[in-house]
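Undergrad: Sharing structure-v8.cif, mmCIF, C-alpha atoms and all ligand atoms:
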data_run
loop_
_atom_site.group_PDB
_atom_site.id
_atom_site.type_symbol
_atom_site.label_atom_id
_atom_site.label_comp_id
_atom_site.auth_asym_id
_atom_site.auth_seq_id
_atom_site.Cartn_x
_atom_site.Cartn_y
_atom_site.Cartn_z
ATOM 1 C CA MET I 1 35.710 -12.322 24.137
ATOM 2 C CA ARG I 2 35.561 -15.194 26.608
ATOM 3 C CA ILE I 3 31.875 -16.092 27.007
ATOM 4 C CA VAL I 4 30.314 -18.723 29.292
ATOM 5 C CA ILE I 5 26.801 -19.968 28.442
ATOM 6 C CA THR I 6 24.834 -22.411 30.573
ATOM 7 C CA GLY I 7 22.085 -24.523 29.018
ATOM 8 C CA ALA I 8 23.803 -24.419 25.633
ATOM 9 C CA SER I 9 22.657 -27.812 24.326
ATOM 10 C CA SER I 10 19.312 -26.589 22.953
ATOM 11 C CA GLY I 11 16.937 -23.673 22.516
ATOM 12 C CA LEU I 12 18.047 -20.172 23.450
ATOM 13 C CA GLY I 13 21.410 -21.250 24.864
ATOM 14 C CA LYS I 14 22.337 -23.175 21.723
ATOM 15 C CA HIS I 15 21.367 -20.282 19.458
ATOM 16 C CA LEU I 16 23.157 -17.747 21.657
ATOM 17 C CA ALA I 17 26.280 -19.913 21.349
ATOM 18 C CA LEU I 18 25.917 -19.997 17.556
ATOM 19 C CA GLY I 19 25.259 -16.257 17.554
ATOM 20 C CA TYR I 20 28.473 -15.517 19.435
ATOM 21 C CA ALA I 21 30.526 -18.096 17.533
ATOM 22 C CA SER I 22 33.050 -16.128 15.544
ATOM 23 C CA ILE I 23 36.822 -15.769 15.175
ATOM 24 C CA GLY I 24 38.285 -14.230 18.321
ATOM 25 C CA ASN I 25 35.568 -15.477 20.659
ATOM 26 C CA GLU I 26 36.151 -18.284 23.122
ATOM 27 C CA LEU I 27 32.978 -20.062 24.210
ATOM 28 C CA ILE I 28 32.536 -22.230 27.265
ATOM 29 C CA LEU I 29 29.303 -24.185 26.925
ATOM 30 C CA LEU I 30 27.629 -26.090 29.733
ATOM 31 C CA ALA I 31 24.714 -28.578 29.805
ATOM 32 C CA ARG I 32 23.939 -32.179 30.762
ATOM 33 C CA ARG I 33 23.419 -33.734 27.320
ATOM 34 C CA GLY I 34 26.982 -34.240 26.095
ATOM 35 C CA GLU I 35 26.109 -35.361 22.570
ATOM 36 C CA LYS I 36 23.956 -32.315 21.906
ATOM 37 C CA LEU I 37 26.593 -30.046 23.402
ATOM 38 C CA LYS I 38 29.215 -31.645 21.127
ATOM 39 C CA GLU I 39 27.074 -30.921 18.059
ATOM 40 C CA VAL I 40 26.667 -27.264 19.108
ATOM 41 C CA ALA I 41 30.424 -27.011 19.753
ATOM 42 C CA THR I 42 31.215 -28.392 16.290
ATOM 43 C CA GLN I 43 28.914 -25.852 14.641
ATOM 44 C CA CYS I 44 30.506 -23.055 16.673
ATOM 45 C CA ARG I 45 34.030 -24.148 15.705
ATOM 46 C CA VAL I 46 33.026 -24.133 12.021
ATOM 47 C CA ARG I 47 32.166 -20.460 12.554
ATOM 48 C CA GLY I 48 35.662 -19.786 13.883
ATOM 49 C CA ALA I 49 35.159 -19.821 17.660
ATOM 50 C CA LYS I 50 37.358 -21.596 20.166
ATOM 51 C CA VAL I 51 35.046 -23.849 22.200
ATOM 52 C CA GLU I 52 35.200 -25.757 25.456
ATOM 53 C CA THR I 53 32.290 -27.916 26.600
ATOM 54 C CA ILE I 54 31.434 -28.828 30.174
ATOM 55 C CA VAL I 55 28.983 -31.694 30.596
ATOM 56 C CA SER I 56 27.445 -31.083 33.963
ATOM 57 C CA ASP I 57 24.227 -30.773 35.932
ATOM 58 C CA VAL I 58 23.728 -27.276 37.372
ATOM 59 C CA ASN I 59 21.913 -28.871 40.311
ATOM 60 C CA ASP I 60 25.177 -30.403 41.471
ATOM 61 C CA PHE I 61 26.079 -27.300 43.470
ATOM 62 C CA GLU I 62 29.490 -28.475 44.705
ATOM 63 C CA THR I 63 30.549 -29.186 41.122
ATOM 64 C CA MET I 64 29.170 -25.797 40.038
ATOM 65 C CA LYS I 65 31.265 -24.072 42.714
ATOM 66 C CA THR I 66 34.372 -25.950 41.528
ATOM 67 C CA ILE I 67 33.648 -25.156 37.876
ATOM 68 C CA GLY I 68 33.104 -21.492 38.818
ATOM 69 C CA SER I 69 36.487 -21.380 40.596
ATOM 70 C CA GLN I 70 38.252 -23.028 37.644
ATOM 71 C CA LEU I 71 36.625 -20.775 35.062
ATOM 72 C CA ALA I 72 37.493 -17.702 37.118
ATOM 73 C CA GLN I 73 41.242 -18.441 36.779
ATOM 74 C CA THR I 74 41.057 -16.768 33.357
ATOM 75 C CA PRO I 75 39.111 -13.508 32.943
ATOM 76 C CA ILE I 76 35.506 -14.008 31.842
ATOM 77 C CA ASP I 77 34.060 -11.199 29.733
ATOM 78 C CA ARG I 78 30.458 -12.406 29.748
ATOM 79 C CA ILE I 79 28.515 -15.152 31.478
ATOM 80 C CA ILE I 80 24.965 -15.971 30.406
ATOM 81 C CA LEU I 81 22.979 -17.863 33.064
ATOM 82 C CA ASN I 82 20.447 -19.459 30.762
ATOM 83 C CA ALA I 83 19.982 -23.085 31.941
ATOM 84 C CA GLY I 84 16.422 -23.537 33.088
ATOM 85 C CA ILE I 85 13.402 -25.774 33.198
ATOM 86 C CA SER I 86 9.666 -25.304 33.375
ATOM 87 C CA VAL I 87 7.000 -27.588 34.763
ATOM 88 C CA GLY I 88 3.409 -26.931 33.848
ATOM 89 C CA HIS I 89 0.587 -27.781 36.211
ATOM 90 C CA SER I 90 -2.921 -28.169 34.883
ATOM 91 C CA GLY I 91 -4.464 -27.959 38.313
ATOM 92 C CA GLY I 92 -4.172 -29.183 41.880
ATOM 93 C CA VAL I 93 -1.498 -28.404 44.406
ATOM 94 C CA THR I 94 2.023 -28.112 42.992
ATOM 95 C CA PRO I 95 4.125 -31.026 44.301
ATOM 96 C CA PHE I 96 6.924 -29.869 46.624
ATOM 97 C CA GLU I 97 9.423 -31.818 44.481
ATOM 98 C CA ASP I 98 8.629 -29.597 41.489
ATOM 99 C CA PHE I 99 9.215 -26.461 43.556
ATOM 100 C CA HIS I 100 12.503 -27.917 44.759
ATOM 101 C CA ARG I 101 13.692 -28.822 41.261
ATOM 102 C CA LEU I 102 12.676 -25.497 39.744
ATOM 103 C CA PHE I 103 14.291 -23.447 42.490
ATOM 104 C CA GLN I 104 17.479 -25.512 42.260
ATOM 105 C CA THR I 105 17.814 -25.268 38.485
ATOM 106 C CA ASN I 106 16.414 -21.811 37.791
ATOM 107 C CA PHE I 107 17.682 -19.990 40.853
ATOM 108 C CA LEU I 108 20.079 -21.602 43.341
ATOM 109 C CA SER I 109 22.432 -23.060 40.730
ATOM 110 C CA VAL I 110 23.095 -19.540 39.492
ATOM 111 C CA HIS I 111 24.867 -18.397 42.646
ATOM 112 C CA ALA I 112 26.697 -21.711 43.031
ATOM 113 C CA LEU I 113 28.368 -20.984 39.691
ATOM 114 C CA LEU I 114 28.808 -17.239 40.226
ATOM 115 C CA GLU I 115 30.159 -17.327 43.783
ATOM 116 C CA ALA I 116 33.798 -17.581 42.709
ATOM 117 C CA ILE I 117 33.368 -15.680 39.437
ATOM 118 C CA ILE I 118 32.010 -12.452 40.973
ATOM 119 C CA PRO I 119 35.134 -11.675 43.089
ATOM 120 C CA LYS I 120 37.348 -12.227 40.018
ATOM 121 C CA MET I 121 35.210 -9.852 37.951
ATOM 122 C CA ILE I 122 35.463 -7.315 40.784
ATOM 123 C CA GLU I 123 39.256 -7.742 40.680
ATOM 124 C CA GLN I 124 39.385 -7.300 36.916
ATOM 125 C CA LYS I 125 36.918 -4.351 37.197
ATOM 126 C CA SER I 126 34.914 -5.565 34.221
ATOM 127 C CA GLY I 127 32.556 -8.264 33.041
ATOM 128 C CA GLU I 128 28.959 -8.891 32.062
ATOM 129 C CA ILE I 129 26.540 -11.144 33.912
ATOM 130 C CA VAL I 130 23.360 -11.922 31.987
ATOM 131 C CA PHE I 131 20.333 -13.672 33.463
ATOM 132 C CA ILE I 132 17.578 -15.252 31.400
ATOM 133 C CA SER I 133 14.478 -14.734 33.501
ATOM 134 C CA SER I 134 10.961 -14.651 32.022
ATOM 135 C CA LEU I 135 7.887 -12.449 31.634
ATOM 136 C CA ALA I 136 6.259 -15.196 33.729
ATOM 137 C CA SER I 137 8.218 -13.803 36.686
ATOM 138 C CA LEU I 138 6.110 -10.649 36.637
ATOM 139 C CA ILE I 139 2.720 -12.285 36.998
ATOM 140 C CA SER I 140 2.046 -15.665 38.571
ATOM 141 C CA MET I 141 -0.619 -17.883 37.040
ATOM 142 C CA PRO I 142 -2.242 -20.857 38.807
ATOM 143 C CA THR I 143 -0.644 -23.184 36.241
ATOM 144 C CA SER I 144 2.912 -21.939 36.714
ATOM 145 C CA ILE I 145 3.265 -20.967 40.372
ATOM 146 C CA ALA I 146 6.588 -22.768 40.870
ATOM 147 C CA TYR I 147 8.144 -21.527 37.602
ATOM 148 C CA SER I 148 7.046 -17.924 38.201
ATOM 149 C CA SER I 149 8.281 -18.040 41.799
ATOM 150 C CA SER I 150 11.718 -19.338 40.785
ATOM 151 C CA LYS I 151 12.107 -16.670 38.114
ATOM 152 C CA ARG I 152 10.867 -13.924 40.462
ATOM 153 C CA ALA I 153 13.548 -14.982 42.942
ATOM 154 C CA LEU I 154 16.031 -14.683 40.077
ATOM 155 C CA ASN I 155 14.793 -11.123 39.394
ATOM 156 C CA ALA I 156 15.430 -10.142 43.004
ATOM 157 C CA TYR I 157 18.913 -11.657 42.857
ATOM 158 C CA ALA I 158 19.717 -9.925 39.552
ATOM 159 C CA GLU I 159 18.503 -6.581 40.890
ATOM 160 C CA GLY I 160 20.555 -6.734 44.078
ATOM 161 C CA LEU I 161 23.639 -7.910 42.219
ATOM 162 C CA ARG I 162 23.286 -5.084 39.702
ATOM 163 C CA TYR I 163 23.377 -2.466 42.475
ATOM 164 C CA GLN I 164 26.248 -4.271 44.182
ATOM 165 C CA LEU I 165 28.433 -4.663 41.096
ATOM 166 C CA LYS I 166 27.839 -1.453 39.130
ATOM 167 C CA PRO I 167 30.463 0.509 41.132
ATOM 168 C CA HIS I 168 32.983 -2.216 40.179
ATOM 169 C CA GLY I 169 32.440 -1.773 36.447
ATOM 170 C CA ILE I 170 30.415 -4.972 36.068
ATOM 171 C CA ASP I 171 27.210 -4.933 34.023
ATOM 172 C CA VAL I 172 24.373 -7.115 35.298
ATOM 173 C CA MET I 173 21.563 -7.646 32.815
ATOM 174 C CA ASN I 174 18.217 -9.335 33.313
ATOM 175 C CA ILE I 175 16.388 -10.473 30.176
ATOM 176 C CA LEU I 176 12.711 -11.404 30.499
ATOM 177 C CA PRO I 177 11.462 -13.101 27.339
ATOM 178 C CA GLY I 178 7.855 -13.970 26.607
ATOM 179 C CA PHE I 179 7.255 -17.182 24.654
ATOM 180 C CA ILE I 180 10.016 -18.279 22.269
ATOM 181 C CA ASP I 181 9.972 -21.468 20.231
ATOM 182 C CA SER I 182 12.226 -24.052 21.961
ATOM 183 C CA GLU I 183 12.136 -27.568 23.409
ATOM 184 C CA MET I 184 10.634 -25.998 26.524
ATOM 185 C CA THR I 185 7.702 -24.312 24.797
ATOM 186 C CA GLN I 186 7.126 -27.190 22.359
ATOM 187 C CA LYS I 187 5.831 -29.143 25.375
ATOM 188 C CA ASN I 188 3.126 -26.541 26.073
ATOM 189 C CA LYS I 189 -0.364 -27.586 25.110
ATOM 190 C CA PHE I 190 -1.940 -24.134 25.363
ATOM 191 C CA LYS I 191 -1.945 -21.274 22.881
ATOM 192 C CA MET I 192 1.112 -19.099 23.545
ATOM 193 C CA PRO I 193 0.421 -15.412 22.906
ATOM 194 C CA PHE I 194 2.985 -13.443 20.864
ATOM 195 C CA ILE I 195 5.309 -16.458 20.511
ATOM 196 C CA LEU I 196 8.549 -15.631 18.664
ATOM 197 C CA SER I 197 10.711 -17.898 16.511
ATOM 198 C CA THR I 198 13.983 -18.991 18.120
ATOM 199 C CA ASP I 199 15.921 -16.913 15.619
ATOM 200 C CA ILE I 200 14.032 -13.675 16.310
ATOM 201 C CA GLY I 201 13.929 -14.295 20.077
ATOM 202 C CA VAL I 202 17.672 -14.878 20.293
ATOM 203 C CA LYS I 203 18.446 -11.858 18.083
ATOM 204 C CA ARG I 204 16.391 -9.715 20.508
ATOM 205 C CA ILE I 205 18.376 -11.110 23.441
ATOM 206 C CA MET I 206 21.714 -10.471 21.701
ATOM 207 C CA LYS I 207 20.662 -6.918 20.833
ATOM 208 C CA ALA I 208 19.681 -6.247 24.460
ATOM 209 C CA ILE I 209 23.036 -7.591 25.658
ATOM 210 C CA ALA I 210 24.927 -5.472 23.113
ATOM 211 C CA LYS I 211 23.075 -2.404 24.425
ATOM 212 C CA LYS I 212 23.759 -3.480 28.022
ATOM 213 C CA LYS I 213 20.056 -3.338 28.912
ATOM 214 C CA ARG I 214 19.743 -3.745 32.662
ATOM 215 C CA PHE I 215 16.153 -4.983 32.548
ATOM 216 C CA HIS I 216 14.755 -6.142 29.239
ATOM 217 C CA PRO I 217 11.245 -7.589 29.054
ATOM 218 C CA PHE I 218 10.017 -8.489 25.542
ATOM 219 C CA PRO I 219 8.045 -8.675 23.289
ATOM 220 C CA LEU I 220 6.878 -5.186 24.159
ATOM 221 C CA ARG I 221 3.187 -5.834 23.367
ATOM 222 C CA PHE I 222 3.071 -8.730 25.824
ATOM 223 C CA TYR I 223 4.966 -6.750 28.465
ATOM 224 C CA VAL I 224 2.588 -3.787 28.141
ATOM 225 C CA ILE I 225 -0.433 -6.053 28.691
ATOM 226 C CA ILE I 226 1.170 -7.568 31.800
ATOM 227 C CA LYS I 227 2.208 -4.135 33.050
ATOM 228 C CA MET I 228 -1.343 -2.820 32.594
ATOM 229 C CA LEU I 229 -2.726 -5.820 34.499
ATOM 230 C CA LEU I 230 -0.277 -5.134 37.314
ATOM 231 C CA LEU I 231 -1.398 -1.499 37.530
ATOM 232 C CA LEU I 232 -5.030 -2.501 38.039
ATOM 233 C CA PRO I 233 -6.526 -2.742 41.516
ATOM 234 C CA GLN I 234 -6.027 -6.293 42.828
ATOM 235 C CA PHE I 235 -9.741 -7.256 42.714
ATOM 236 C CA LEU I 236 -9.972 -6.275 39.038
ATOM 237 C CA ARG I 237 -6.753 -8.067 38.143
ATOM 238 C CA ASP I 238 -7.982 -11.234 39.886
ATOM 239 C CA ARG I 239 -11.218 -11.066 37.944
ATOM 240 C CA ILE I 240 -9.435 -10.729 34.593
ATOM 241 C CA VAL I 241 -6.913 -13.490 35.334
ATOM 242 C CA ASN I 242 -9.725 -15.796 36.370
ATOM 243 C CA LEU I 243 -11.457 -15.123 33.063
ATOM 244 C CA THR I 244 -8.425 -16.252 31.045
ATOM 245 C CA ASN I 245 -7.469 -19.772 30.041
ATOM 246 C CA PHE I 246 -5.412 -20.058 33.177
ATOM 247 C CA LYS I 247 -8.441 -20.349 35.417
ATOM 248 C CA LYS I 248 -8.196 -24.161 35.412
ATOM 249 C CA GLY I 249 -5.748 -24.085 38.332
ATOM 250 C CA ILE I 250 -7.016 -24.432 41.883
HETATM 251 N N1 LIG I 301 11.432 -20.518 25.484
HETATM 252 C C1 LIG I 301 10.738 -19.622 26.141
HETATM 253 O O1 LIG I 301 9.611 -19.269 25.767
HETATM 254 C C2 LIG I 301 11.315 -18.959 27.356
HETATM 255 C C3 LIG I 301 10.683 -17.813 27.841
HETATM 256 C C4 LIG I 301 11.192 -17.184 28.973
HETATM 257 C C5 LIG I 301 12.331 -17.672 29.574
HETATM 258 N N2 LIG I 301 12.936 -18.790 29.073
HETATM 259 C C6 LIG I 301 14.128 -19.270 29.750
HETATM 260 O O2 LIG I 301 15.156 -19.454 28.798
HETATM 261 C C7 LIG I 301 16.066 -20.455 29.263
HETATM 262 C C8 LIG I 301 16.334 -21.449 28.156
HETATM 263 O O3 LIG I 301 15.153 -22.180 27.885
HETATM 264 P P1 LIG I 301 14.786 -22.726 26.438
HETATM 265 O O4 LIG I 301 13.462 -22.172 26.091
HETATM 266 O O5 LIG I 301 15.912 -22.547 25.517
HETATM 267 O O6 LIG I 301 14.532 -24.271 26.792
HETATM 268 P P2 LIG I 301 15.322 -25.594 26.389
HETATM 269 O O7 LIG I 301 15.461 -25.711 24.927
HETATM 270 O O8 LIG I 301 14.621 -26.664 27.142
HETATM 271 O O9 LIG I 301 16.783 -25.347 26.987
HETATM 272 C C9 LIG I 301 17.078 -25.463 28.349
HETATM 273 C C10 LIG I 301 18.572 -25.618 28.482
HETATM 274 O O10 LIG I 301 18.874 -25.681 29.881
HETATM 275 C C11 LIG I 301 19.668 -26.820 30.119
HETATM 276 N N3 LIG I 301 19.417 -27.376 31.427
HETATM 277 C C12 LIG I 301 18.221 -27.671 31.996
HETATM 278 N N4 LIG I 301 18.390 -28.237 33.191
HETATM 279 C C13 LIG I 301 19.725 -28.309 33.398
HETATM 280 C C14 LIG I 301 20.533 -28.826 34.426
HETATM 281 N N5 LIG I 301 20.003 -29.382 35.529
HETATM 282 N N6 LIG I 301 21.877 -28.752 34.295
HETATM 283 C C15 LIG I 301 22.436 -28.200 33.198
HETATM 284 N N7 LIG I 301 21.720 -27.688 32.185
HETATM 285 C C16 LIG I 301 20.390 -27.757 32.276
HETATM 286 C C17 LIG I 301 19.293 -27.805 29.016
HETATM 287 O O11 LIG I 301 20.371 -28.692 28.760
HETATM 288 P P3 LIG I 301 20.427 -30.242 29.150
HETATM 289 O O12 LIG I 301 19.029 -30.751 29.150
HETATM 290 O O13 LIG I 301 21.298 -30.813 28.089
HETATM 291 O O14 LIG I 301 21.061 -30.245 30.486
HETATM 292 C C18 LIG I 301 19.089 -26.877 27.840
HETATM 293 O O15 LIG I 301 20.309 -26.634 27.198
HETATM 294 C C19 LIG I 301 15.421 -21.056 30.511
HETATM 295 O O16 LIG I 301 15.991 -20.476 31.660
HETATM 296 C C20 LIG I 301 13.967 -20.628 30.401
HETATM 297 O O17 LIG I 301 13.324 -20.558 31.648
HETATM 298 C C21 LIG I 301 12.447 -19.444 27.983
#
Reformat the file's structure so that it appears as structure tokens.

TA:
Amino acid sequence: MRIVITGASSGLGKHLALGYASIGNELILLARRGEKLKEVATQCRVRGAKVETIVSDVNDFETMKTIGSQLAQTPIDRIILNAGISVGHSGGVTPFEDFHRLFQTNFLSVHALLEAIIPKMIEQKSGEIVFISSLASLISMPTSIAYSSSKRALNAYAEGLRYQLKPHGIDVMNILPGFIDSEMTQKNKFKMPFILSTDIGVKRIMKAIAKKKRFHPFPLRFYVIIKMLLLLPQFLRDRIVNLTNFKKGI
């Protein structure tokens, strides 16, 4: 299989790369930190995979479009759009710059890379496009308005693309993890409910991809709580959210 993974220098992306590293698989790994990417590539090669690394910033949209066009010259079996950032806000108004950065990295960069890849997948009548969204996209807390908004935009994109591409034999999957141990979550200073180890979290993602799950929120317990909150009348939901630790926002 020829598999492209963005954000492969650490966390989920790195472990997905290692998980798919086996004889017969060709991995194309993208991130900004070249040294880290090189280390991941070496570990993947030891496991038998053919590996190419691309040191690049997904926010450089013109470069992403070029990379997308170049990658699309050879059929891609699976692309995992995983690169992402989070910015926590303990209170006050979210700076516009944070919104801009989060929307660029977590949302806009995705289509810059996919623009040339999608028509090629349509031509080849096959392919898998996997998005790494977040449970935080389903409910927006005062401390993560920008992150939740960027991931909710990603959900809308993934949903529309899934309808558009299904008739062409292309599977679009949206994975919505809760908290998983990674560089991103290690920065968090609050207690993270139902946090999973990287190993378990990534295994869950790989299992969902293998089963071609179109929409996969996990862990289930956390998803059920969020779902129940969303089913409540708005005034009740507001009251409960304001009672949680997240009430420190404005
Ligand atoms: N961990 C969680 O609890 C959790 C939960 C839900 C969703 N997610 C999502 O999972 C994805 C992976 O996050 P993670 O937890 O594994 O965090 P992480 O360890 O911080 O990994 C983020 C990856 O994205 C890459 N990246 C960030 N900005 C980039 C840019 N401008 N250009 C290219 N690559 C960039 C990073 O590489 P470089 O810094 O080397 O560029 C890194 O490889 C993110 O989309 C995140 O929102 C994570």

Undergrad: As a quick test: using all atoms listed in the file, which residues lie no more than 8 Å away from ligand LIG 301 (chain I)? Give them as a VMD selection string.

TA: chain I and resid 6 to 14 30 to 34 36 to 37 55 to 60 81 to 86 105 to 106 132 to 136 147 151 176 to 185 195 198

Undergrad: So how many Å separate CA of Arg152 in chain I and CA of His216 in chain I, to one decimal?

TA: 14.2 Å

Undergrad: Would you kindly identify which residues have an atom no farther than 12 Å from (26.6, -3.8, 26.4), using only C-alpha atoms and the file's own coordinates, and write them out as a list in words?

TA: Asp77, Arg78, Ser126, Gly127, Glu128, Ile129, Val130, Gly169, Ile170, Asp171, Val172, Met173, Ile205, Met206, Lys207, Ala208, Ile209, Ala210, Lys211, Lys212, Lys213 and Arg214 of chain I

Undergrad: Any idea what the distance is between CA of Leu18 in chain I and CA of Cys44 in chain I?

TA: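 Separation between CA of Leu18 in chain I and CA of Cys44 in chain I: 5.6 Å.
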
Undergrad: Calculated over all atoms listed in the file, which of the candidates I:Ala72, I:Ala158, I:Ala146, I:Leu29 has the smallest distance to Thr42 in chain I?

TA: I:Leu29

Undergrad: Would you mind reading off the distance between CA of Pro95 in chain I and CA of Arg237 in chain I, one decimal, in Å?

TA: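 Pair CA of Pro95 in chain I / CA of Arg237 in chain I returns 26.1 Å.
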
Undergrad: As a check of understanding, name the residues that the PyMOL selection byres (((chain I and resi 122) around 10) and not hetatm) selects in the supplied structure, as a ChimeraX atom specification.

TA: /I:117-121,123-127,165-170

Undergrad: Limited to C-alpha atoms, could you put the picked residues into a file as a short mmCIF file (atom, residue, chain, number, x, y, z; two decimals), in the coordinates of the input?

TA:
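The resulting file, selection00.cif, is shown below:
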data_model
loop_
_atom_site.label_atom_id
_atom_site.label_comp_id
_atom_site.auth_asym_id
_atom_site.auth_seq_id
_atom_site.Cartn_x
_atom_site.Cartn_y
_atom_site.Cartn_z
CA ILE I 117 33.37 -15.68 39.44
CA ILE I 118 32.01 -12.45 40.97
CA PRO I 119 35.13 -11.68 43.09
CA LYS I 120 37.35 -12.23 40.02
CA MET I 121 35.21 -9.85 37.95
CA GLU I 123 39.26 -7.74 40.68
CA GLN I 124 39.38 -7.30 36.92
CA LYS I 125 36.92 -4.35 37.20
CA SER I 126 34.91 -5.56 34.22
CA GLY I 127 32.56 -8.26 33.04
CA LEU I 165 28.43 -4.66 41.10
CA LYS I 166 27.84 -1.45 39.13
CA PRO I 167 30.46 0.51 41.13
CA HIS I 168 32.98 -2.22 40.18
CA GLY I 169 32.44 -1.77 36.45
CA ILE I 170 30.42 -4.97 36.07
#

Undergrad: Identify all residues satisfying the PyMOL selection byres (((chain I and resi 149) around 12) and not hetatm) in the given file; provide them as an NGL selection string.

TA: :I and (86-87 or 94 or 98-100 or 102-104 or 106-107 or 133-148 or 150-156)

Undergrad: Include C-alpha atoms and write out the residues we just selected as a PDB file, in the frame of the given file.

TA:
ATOM      1  CA  SER I  86       9.666 -25.304  33.375  1.00  0.00           C
ATOM      2  CA  VAL I  87       7.000 -27.588  34.763  1.00  0.00           C
ATOM      3  CA  THR I  94       2.023 -28.112  42.992  1.00  0.00           C
ATOM      4  CA  ASP I  98       8.629 -29.597  41.489  1.00  0.00           C
ATOM      5  CA  PHE I  99       9.215 -26.461  43.556  1.00  0.00           C
ATOM      6  CA  HIS I 100      12.503 -27.917  44.759  1.00  0.00           C
ATOM      7  CA  LEU I 102      12.676 -25.497  39.744  1.00  0.00           C
ATOM      8  CA  PHE I 103      14.291 -23.447  42.490  1.00  0.00           C
ATOM      9  CA  GLN I 104      17.479 -25.512  42.260  1.00  0.00           C
ATOM     10  CA  ASN I 106      16.414 -21.811  37.791  1.00  0.00           C
ATOM     11  CA  PHE I 107      17.682 -19.990  40.853  1.00  0.00           C
ATOM     12  CA  SER I 133      14.478 -14.734  33.501  1.00  0.00           C
ATOM     13  CA  SER I 134      10.961 -14.651  32.022  1.00  0.00           C
ATOM     14  CA  LEU I 135       7.887 -12.449  31.634  1.00  0.00           C
ATOM     15  CA  ALA I 136       6.259 -15.196  33.729  1.00  0.00           C
ATOM     16  CA  SER I 137       8.218 -13.803  36.686  1.00  0.00           C
ATOM     17  CA  LEU I 138       6.110 -10.649  36.637  1.00  0.00           C
ATOM     18  CA  ILE I 139       2.720 -12.285  36.998  1.00  0.00           C
ATOM     19  CA  SER I 140       2.046 -15.665  38.571  1.00  0.00           C
ATOM     20  CA  MET I 141      -0.619 -17.883  37.040  1.00  0.00           C
ATOM     21  CA  PRO I 142      -2.242 -20.857  38.807  1.00  0.00           C
ATOM     22  CA  THR I 143      -0.644 -23.184  36.241  1.00  0.00           C
ATOM     23  CA  SER I 144       2.912 -21.939  36.714  1.00  0.00           C
ATOM     24  CA  ILE I 145       3.265 -20.967  40.372  1.00  0.00           C
ATOM     25  CA  ALA I 146       6.588 -22.768  40.870  1.00  0.00           C
ATOM     26  CA  TYR I 147       8.144 -21.527  37.602  1.00  0.00           C
ATOM     27  CA  SER I 148       7.046 -17.924  38.201  1.00  0.00           C
ATOM     28  CA  SER I 150      11.718 -19.338  40.785  1.00  0.00           C
ATOM     29  CA  LYS I 151      12.107 -16.670  38.114  1.00  0.00           C
ATOM     30  CA  ARG I 152      10.867 -13.924  40.462  1.00  0.00           C
ATOM     31  CA  ALA I 153      13.548 -14.982  42.942  1.00  0.00           C
ATOM     32  CA  LEU I 154      16.031 -14.683  40.077  1.00  0.00           C
ATOM     33  CA  ASN I 155      14.793 -11.123  39.394  1.00  0.00           C
ATOM     34  CA  ALA I 156      15.430 -10.142  43.004  1.00  0.00           C
TER      35      ALA I 156
END

Undergrad: Using only C-alpha atoms, can you tell me which of I:Leu113, I:Tyr223, I:Lys203, I:Ile80 comes closest to Thr66 in chain I?

TA: I:Leu113

Undergrad: Can you tell me, as number ranges by chain, what residues are no more than 12 Å from Ile240 in chain I when counting all atoms listed in the file, ignoring any on the same chain fewer than 3 positions away?

TA: I: 141, 225-226, 228-230, 232-237, 243-247

Undergrad: Taking all atoms listed in the file into account, name the residue in I:Arg101, I:Lys38, I:Arg239, I:Arg162 that is nearest to Phe131 in chain I.

TA: I:Arg162

Undergrad: Taking all listed atoms of range 170-177 of chain I, build the axis-aligned box, pad each of the six sides by 3 Å, then write its centre and edge lengths in Å to one decimal as AutoDock Vina command-line options.

TA:
--center_x 20.9 --center_y -9.0 --center_z 31.7 --size_x 25.0 --size_y 14.2 --size_z 14.7

Undergrad: Of the candidates I:Ile76, I:Pro219, I:Asn188, I:Gly88, which one gets nearest to Ile200 in chain I if we count only C-alpha atoms?

TA: I:Pro219

Undergrad: For each of I:Leu161, I:Leu71, I:Leu27, I:Ala116, take the minimum atom-to-atom distance to Ile5 in chain I, counting only C-alpha atoms, then give the residue where this is smallest.

TA: I:Leu27

Undergrad: I'd like to know which of I:Ala41, I:Lys189, I:Phe215, I:Glu62 is closest to Leu108 in chain I, using only C-alpha atoms.

TA: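 For Leu108 in chain I, the nearest of the given residues is I:Glu62.
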
Undergrad: With 7 Å as the threshold, what does the neighbourhood of (36.8, -16.8, 22.6) contain in terms of residues, counting all atoms listed in the file? Coordinates are those of the file; answer as a PyMOL selection string.

TA: chain I and resi 1-3+24-27+49-50
